[in-house]
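Below: the structure, in structure tokens.
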Amino acid sequence: MRILLIEDEPQLAGQIARALTRADHRVETRSDGLEGLAAARGGSFDLLVLDVNLPQLDGISLLRRLREARNHTRVLMLTARSEVGDRVNGLKAGADDYLAKPFAMEELLARIEALGRRTPQPDAVTMLEVSDVRMDVLGHKVQRGGESVSVSPREFELLRIFMQEPGRTFSREEICERIWEREHEYDTRTVEIFVMRLRKKLDEGRPAPLIETVRGVGYVLRPTS
Amino acid sequence: MTRWPLKLKVGLYCAILVVAGLVATAAIMLPFIYKSQLQELDERLAGDAEELFRDLKNFAGAPVDATKPVNAKFIPIALRLRYIDLEGPNGEELYKSPNLRDADLRHVPPGLHTVELFSRKCRVGTFKSEPFTLHVGTRLGTIEGMQDDLRRAFYFALPIAGVVVFLGGLLLARQALHPITAMTAAAERISALKPEERLPMPRANDEIARLTRVLNESFDRLQRAYSSAARFSADASHQLKTPLSVLRAGLDELRSNCDLTPEQREIAGVLLQQTRRLTTLVEDLLLLAQADAGRLRLNPAPLDLVPVVDVLLDDLSALGAEQDLEIERDIPPELVARADGRRVKIILQNLGENAVKYNCPSGRIRLRGWRENGSVFLALANTGVPIPGEYWERLFDRFSRPGTGENIKGHGLGLNIARELAHAHGGDLRLARSDDQWTEFELRLPSE
């Protein structure tokens, strides 16, 4: 994908650009709002990664001007988490997604992938199916091999993370961040406990675990062909 | 009495003052009237004596014999109602009025005196005019009766005057306090949401106008201080988040490097965890700064606490797994509060973590929920060492972790934040009990 990154903090811009490049995207970077707007209007980008706080012209105004000019490039907004107003304003101004700072790079890449594939928002999916596991997202129900499995709220959230992106390896830290918005005493040990419980419920009587451990990295749910 | 409204107090004070004034007036007036009437009476008695003496000394051209009893016809008609006792030069009784019957007035010393006669008060004057000594007396009935009448009139007037003045005082005070009432209403409108509003200036240039001016100036200063503090916290938060984002992204970049040894990978993991911790701390401080500035914005909506509580208990079951904690749940099937879901989760998370942290091995956690008087209550209790009474309030102070060892994790803001958030909802958070059985925190939220 061709991505335009508009971020005024040079180090962060460099880190994001490198991560995106490693993920085989082509990245251009701008460091202030006006330059960013000019670049967005001039070039043909698949996606804009846009910081809210920018010199010259802030991210929300930039986006508003872009949309007024009938430019419908998809936009991922970066903002400070506690400023709920930012999110509302950003989405009103026409952002397609929003990510709170500081964020996990894996999360940014996953969101960019999702926007690039033009897949609907993961939240809008109501049924998930990987191998012989079915998940009714709205009804909070899980089945394996046609038999229903009762899971606790956190076990459900954990399984959903794996089922939304089968085959992807998640680190314990990322799972932690996805489930618990705020850092607390909930460390990676808690993730291990929930994975253990989930395995116990899902793998009953089966030789291989559904959720595999990737040594030194994390966990993965691999779809069987 | 300090809790009574001012106008009631003004009315009451007025009534008390008027009643006291009346009582004082009565206390001065009555003896004064009594005395002046007595003086008048004394003068009349002296006049009577003078008249009698004149008659005795010059009756039909010659004085009366001072050694023989005096005939009743010598006594002037005007004196027939008086008590009269006439003595001769050697103390012999010359005349005694029949109304004295067997009593006599001879023991009364010279001058004017009030004596008791036939168990009634009488005024008796003893006058000398050689060779006669005259004792003339009269009953004090009229004067005493007037005193009684006056006293009765006062007793009757006191309550009426008191009530009338009280009501009048109430009315006057209400009128006088009207600008204050209006000012209070205006001041209540000035809040964090409408900080630019000011008290309306009254038209008259009186004391109230001066107070209004002074208050408005204070409001201006406060608003400036508040907005600069709020701006500072917002700026600080942004300034802190940028380096945190760089740190965060840098650590992610480092970890995605495949050449790391397991030790290096673990160090990066620890640093990442600490970066997240720092992020949460920055957010907590921002939240408290907003709460202090009255700028904590909530998005309250009907919120069923049952699923929220179930998620919390799920977390606690994992958190407390190593301590082998037993969890009890006593929640009605539906418990709807009017609250901001994100903030309520923070409150419960903070309480839940404490319930695990300060628990004893193989201890218990109990969560109860109920509705009462238009509020929704959640009470989270844990076993463990009870909190000493003197720490109960300090427990909610910022960065205070009284009575806990240094080996317990956390930055000491959890309970303070939880309480600020509860208050922002119009609810409360308190320590309901802490004894050998349970340490229980009780959260109250407005009901939907």
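Identifiers for the structure tokens are assigned positionally: chains receive A, B, ... in sequence, residues are indexed from 1 per chain, and ligands are indexed from 1 in the order shown.
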Requested in this report: Pick out the residues sitting within 10 Å of His238 (chain B), and hand them over as a VMD selection string; count only C-alpha atoms, and ignore anything fewer than 2 positions along from it in its own chain.
Outcome: (chain A and resid 53 79 to 80 83 101) or (chain B and resid 232 to 236 240 to 244 282 286)
I need the chosen residues saved as a PDB file, in the first residue's frame, with C-alpha atoms.
ATOM      1  CA  ASN A  53      -1.764  17.349  17.124  1.00  0.00           C
ATOM      2  CA  THR A  79      -4.678  10.578  19.204  1.00  0.00           C
ATOM      3  CA  ALA A  80      -4.200  10.693  22.955  1.00  0.00           C
ATOM      4  CA  GLU A  83      -9.180  12.779  25.023  1.00  0.00           C
ATOM      5  CA  LYS A 101      -1.218   6.934  21.701  1.00  0.00           C
TER       6      LYS A 101
ATOM      7  CA  PHE B 232      -1.342  22.837  32.067  1.00  0.00           C
ATOM      8  CA  SER B 233      -2.648  19.335  32.692  1.00  0.00           C
ATOM      9  CA  ALA B 234      -3.774  18.941  29.085  1.00  0.00           C
ATOM     10  CA  ASP B 235      -0.421  20.241  27.827  1.00  0.00           C
ATOM     11  CA  ALA B 236       1.512  18.088  30.279  1.00  0.00           C
ATOM     12  CA  LEU B 240       4.287  13.211  28.238  1.00  0.00           C
ATOM     13  CA  LYS B 241       2.465  11.101  25.694  1.00  0.00           C
ATOM     14  CA  THR B 242       4.788  11.955  22.852  1.00  0.00           C
ATOM     15  CA  PRO B 243       7.938  10.546  24.498  1.00  0.00           C
ATOM     16  CA  LEU B 244       5.878   7.605  25.726  1.00  0.00           C
ATOM     17  CA  VAL B 282      -0.041   9.802  33.188  1.00  0.00           C
ATOM     18  CA  LEU B 286      -4.648  13.839  33.947  1.00  0.00           C
TER      19      LEU B 286
END
Mind the document's chain letters and residue numbers, and return as a PyMOL selection string the residues of region 240-348 of chain B that DSSP labels helix (DSSP H, G or I). chain B and resi 240-255+262-292+305-319+341-348
> Counting only C-alpha atoms, which residues from chain B have an atom at most 9 Å from any atom of chain A, and could you show them as a ChimeraX atom specification?
Replying inline: /B:237-238,241-250,252-253,262,265-266,269,272-273,276-281,283,286-287,307,310-311,314-315,318-319,321,346,349-350,353,409-410
Item to complete: Point out the residue among A:Met135, A:Leu159, A:Ile175, A:Val130 with the least atom-to-atom distance to Arg222 (chain A), counting only C-alpha atoms.
Response: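 That would be A:Val130, the residue with the smallest distance to Arg222 (chain A).
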A straight line from CA of Thr25 (chain B) to CA of Ile160 (chain B) spans 16.1 Å
Would you list, as a ChimeraX atom specification, the residues of region 109-266 of chain B that end up in strand (DSSP E) under DSSP run on this structure's backbone? /B:111-117,120-129,132-139
Just the residues within 8 Å of region 29-35 of chain A, please, counting only C-alpha atoms, with nothing from its chain fewer than 6 positions along; format it as a list in words.
-> Leu4, Leu5, Ile6, Glu7, Asp8, Glu9, Pro10, Ala13, Ala17, Leu54, Pro55, Gln56, Leu57, Asp58, Gly59 and Leu62 of chain A
